[in-house]
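Trainee: Supplied in structure tokens, the structure appears directly below.
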Amino acid sequence: MAKYDFVVAVGGAPGQGIETLGKSLGQICARYGLYVYTYSAYQSLIRGGHTFLTIRISSEPVENHGDEIDLIIALDRHSIEKHVPHVKPGGALIYNIDDVKQEPERDDIQLCGIPYKKFSSEIEDRKLQKTCLNTCLLATAMNMVGADLNVLEEIIINALLKRKGQEVVDANITVATAGYEHAAEHFTEFDTHFEKQEPALAFVDGNSAMAMGGAAAGVKFYCAYPMSPSTGVLHWMAANARNLNIMVRQCEDEISVINMVIGAAHAGCRSMCATSGGGFALMSEAIGSAAMMEIPMVVINVQRGGPSTGLPTKTEQGDLWQLLGASQGDFPKIIVAPTSIMDGFDTMPELFNLVDKFQCPGMVLSDLTLSMGFTTFDPDTLNWQPEIDRGEYITELGQTDEEYLRFKITDSGISPRAIPGTPGHVHVVATDDHDEDGGLISDEFTNPHKRRDIMEKRQRKMDGIVKLLPPPTLEGPEDAEVTLIGWGSTKGVISEAVQQLTESGIIANQIHFKWLYPIDEDAINEVLGKSTNPIIVECNYTGQFARFLRGETGFKADGHIRKYDGEPFMPHHIADGTRELLNGKTDLYVPYQEIVV
């Protein structure tokens, strides 16, 4: 158990600076060396609506936003009314007392009303007066958790607001000091305080982590059409493009995006793009063309609720079968689902080396929970340069008199890839199927052996790929009563559910999948064979991963826990669902068991 585990939530309307307040608190925690995980629930509205940001702070690494809320900072009346019931007993609610007519009804929490009108009366600019509210309420929270006001002034006020002028800085310092001192005089501090740890940490969101991973992998071309929740990758790339010598382009649509990525990759440039399910649908045909031309490139799909426009600001694991079936026909491809925010960084160099080696498309399956969540990490973990392996990559004339065959049939299925313009290596690429030299076999009376030979050549790559993809492992005691199986972003929340079950007397373990396709049937079945009362956990309606796993391996789980309301799992959802399944089973396999959260 972490010696410190505290959850702060911020509620308000769009435009009230909730994201900025959350980032500010996250940066303060990072300076203190504390671990953070954030999740933002917001509506898909241009104006209006409600936003609720949850920030979990811990002395140990955390990978989900937790089960309970200790402290809520309410920036408007609606947040007070909506979220007072969500504060756990012994917690606190901080709000502007001028914004309510009647005090909230909870006698088991601290109701911390701030007379903000009084504190801000000396600020003449009414617009500035309104925007300083966040700083005042955050300073109040800082006192209650035992944090130093100087950190708030240094990180937030001076660093972020200095460019707006001294008047803005002075106004924020005034209300921050008033809120901090008011809390010291009128409110009771929490028993557990922020305690500085070493080292200080860095603070990052999931989209930026994947973008940084791409840069570390040697990406030199990135383009995208903005589509939530993937747009953060474009923002990071655009902000850092000049310093890193990366060409970044925003296109008119996703069809243009994917074809530009393929063109840049064909020219020898490591290239990638990011989108969500609707944008990926438009890219699907071109992904098949990259496979036919054996051009390596990477597409990130940040999942949101579907189908169609669906839930643009909510999360889901609903695009697995979309990626499995991307484009028509059979061709080699690699699908990976990062298991945490920082795993998104680590995954990108691994995937780029694989797609370069095997000359095929690679697809990253993230989701809103990971990509728009924030976490802290030790910056020293990024002080490394990943090995870059371009595979059979020809950039200059070799010492050979042989005719160059771009799609030469080999035992591995991998043909030497010459960059266009390399002397002595002129070749043809096209989206029609072709012979070893690129000549189209569809333009002749097709010799069936040619089609079989070139198809089998491409598919032999899959044998090589699967040998390099590590299978999942059984994590936890082998004598467990139940095994929880998941994939992608749910690893952290499942791990905590396993811990909760164990603490309640139910010994549990887990198996988690990151590399989704291709998979080694024998290796996977060996791991799954060690499971007891296996239950598959995933965020979609139809159990997409359960169906995929059964189709590939024949494995059938005893039960399923699913969630498809647009919000991510909390640990207790999985722990409670597991207990229900275990208590309700008379036969492990019949009837089919599932829990919908």
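Residues in the structure tokens are named by chain (A, B, ... in the order shown) and by number from 1 within that chain; ligands are numbered from 1 in the order shown.
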Please provide the set of residues having any atom within 6 Å of range 134-151 of chain A, restricted to only C-alpha atoms, with same-chain residues fewer than 5 positions apart removed, written as a list in words.

Mentor: Val175, Ala176, Gly179, Tyr180, Ala183, Glu189, Phe190, His193 and Phe194 of chain A

Trainee: Write down as a PyMOL selection string the residues belonging to range 89-241 of chain A that are assigned alpha helix (DSSP H) by DSSP computed on the backbone.

Mentor: chain A and resi 116-119+126-131+133-144+149-152+159-161+166-186+206-216+231-241

Trainee: Run DSSP on the backbone and give me the residues of range 362-395 of chain A it puts in strand (DSSP E or B), as a PyMOL selection string.

Mentor: chain A and resi 362-367+374-377+393-394

Trainee: With only C-alpha atoms as the counted atoms, please give the residues lying no more than 8 Å from Lys461 in chain A, apart from itself and same-chain residues fewer than 4 positions off, as a PyMOL selection string.

Mentor: chain A and resi 332+358+412-414+457+465

Trainee: Just the number, please: distance in Å from CA of Lys408 in chain A to CA of Ser284 in chain A, one decimal.

Mentor: 26.2 Å

Trainee: Counting only C-alpha atoms, figure out which residue out of A:Ile173, A:Ala217, A:Ile341, A:Val493 gets nearest to Asp205 in chain A.

Mentor: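 Closest candidate: A:Ile341.
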
Trainee: Could you tell me how far CA of Ala508 in chain A lies from CA of Ile595 in chain A, in Å and to one decimal?

Mentor: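 Between these atoms lies a distance of 17.6 Å.
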
Trainee: Could you name the residues that touch range 68-83 of chain A at 10 Å or less, counting only C-alpha atoms, but leaving out those on the same chain fewer than 4 positions away, as JSON, numbers by chain?

Mentor: {"A": [5, 6, 7, 8, 9, 10, 11, 12, 13, 16, 17, 18, 50, 51, 52, 53, 54, 55, 56, 87, 88, 89, 90, 91, 92, 93, 94, 95, 96, 97, 98, 99, 100, 101, 103, 104, 105, 109, 110, 112, 133, 134, 137, 138, 140, 141, 144, 145, 190, 570, 572]}

Trainee: For Tyr32 in chain A, which of A:Ala200, A:Trp321, A:His86, A:His186 is the closest residue, counting only C-alpha atoms?

Mentor: A:Ala200

Trainee: For each of A:Asp558, A:Gln544, A:Gln500, A:Glu456, take the minimum atom-to-atom distance to His573 in chain A, counting only C-alpha atoms, then give the residue where this is smallest.

Mentor: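 Closest to His573 in chain A of all the choices is A:Gln500.
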
Trainee: Given only C-alpha atoms as the basis, pick out the residue of A:Thr375, A:Asn383, A:Thr532, A:Ser24 nearest to Val204 in chain A.

Mentor: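 Under the stated criterion, the closest residue is A:Thr375.
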
Trainee: Neighbouring residues of Gln510 in chain A were defined as those with any atom within 7 Å, considering only C-alpha atoms; residues of the same chain fewer than 6 positions away were excluded. Please report them as a PyMOL selection string.

Mentor: chain A and resi 474-476+483-485

Trainee: Which distance in Å separates CA of Asn533 in chain A and CA of Val482 in chain A, to one decimal?

Mentor: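 So the two atoms, CA of Asn533 in chain A and CA of Val482 in chain A, lie 4.8 Å apart.
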
Trainee: So, with only C-alpha atoms as the atoms that count, which of A:Gly554, A:Gly505, A:Pro470, A:Pro477 lies closest to Lys530 in chain A?

Mentor: A:Pro477

Trainee: For Asp191 in chain A, which residue out of A:Gly206, A:Glu154, A:Ala557, A:Tyr4 is the nearest one, using only C-alpha atoms?

Mentor: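 Using only C-alpha atoms, the shortest distance to Asp191 in chain A belongs to A:Tyr4.
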
Trainee: Could you pull the residues within 9 Å of Glu594 in chain A, counting only C-alpha atoms, minus those fewer than 3 positions along the same chain, as a ChimeraX atom specification?

Mentor: /A:535,558-562,577,581

Trainee: I'd like the neighbourhood of range 322-330 of chain A as a CSV table (one decimal) with C-alpha atoms, in the first residue's frame, where a residue qualifies if any of its atoms comes within 10 Å (using only C-alpha atoms), though same-chain residues fewer than 3 positions away should be ignored.

Mentor:
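For reference, result.csv as written:
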chain,number,residue,atom,x,y,z
A,277,GLY,CA,-11.9,5.4,-35.3
A,280,PHE,CA,-9.0,5.4,-39.4
A,281,ALA,CA,-12.0,4.1,-41.4
A,283,MET,CA,-7.4,5.4,-44.0
A,284,SER,CA,-8.2,1.7,-44.3
A,285,GLU,CA,-7.8,1.3,-48.1
A,286,ALA,CA,-4.5,3.1,-48.1
A,287,ILE,CA,-3.1,0.9,-45.3
A,288,GLY,CA,-3.7,-2.1,-47.6
A,289,SER,CA,-1.8,-0.3,-50.4
A,291,ALA,CA,1.1,-3.5,-47.3
A,292,MET,CA,1.0,-4.4,-51.0
A,301,ASN,CA,-5.7,4.9,-33.5
A,318,GLY,CA,-14.2,-0.7,-29.5
A,319,ASP,CA,-11.9,-0.6,-32.5
A,333,LYS,CA,0.6,-6.1,-40.1
A,334,ILE,CA,1.4,-5.5,-36.5
A,335,ILE,CA,-1.1,-4.3,-33.9
A,363,MET,CA,-0.9,0.1,-35.8
A,364,VAL,CA,-1.0,1.5,-32.3
A,365,LEU,CA,-4.3,1.0,-30.5
A,455,MET,CA,1.4,-13.9,-51.5
A,458,ARG,CA,4.6,-11.6,-47.9
A,459,GLN,CA,2.8,-13.9,-45.4
A,516,LEU,CA,-2.3,-8.2,-30.1
A,517,TYR,CA,-1.5,-9.3,-33.7
A,518,PRO,CA,0.0,-11.5,-34.8
A,548,PHE,CA,-10.5,-12.6,-31.1
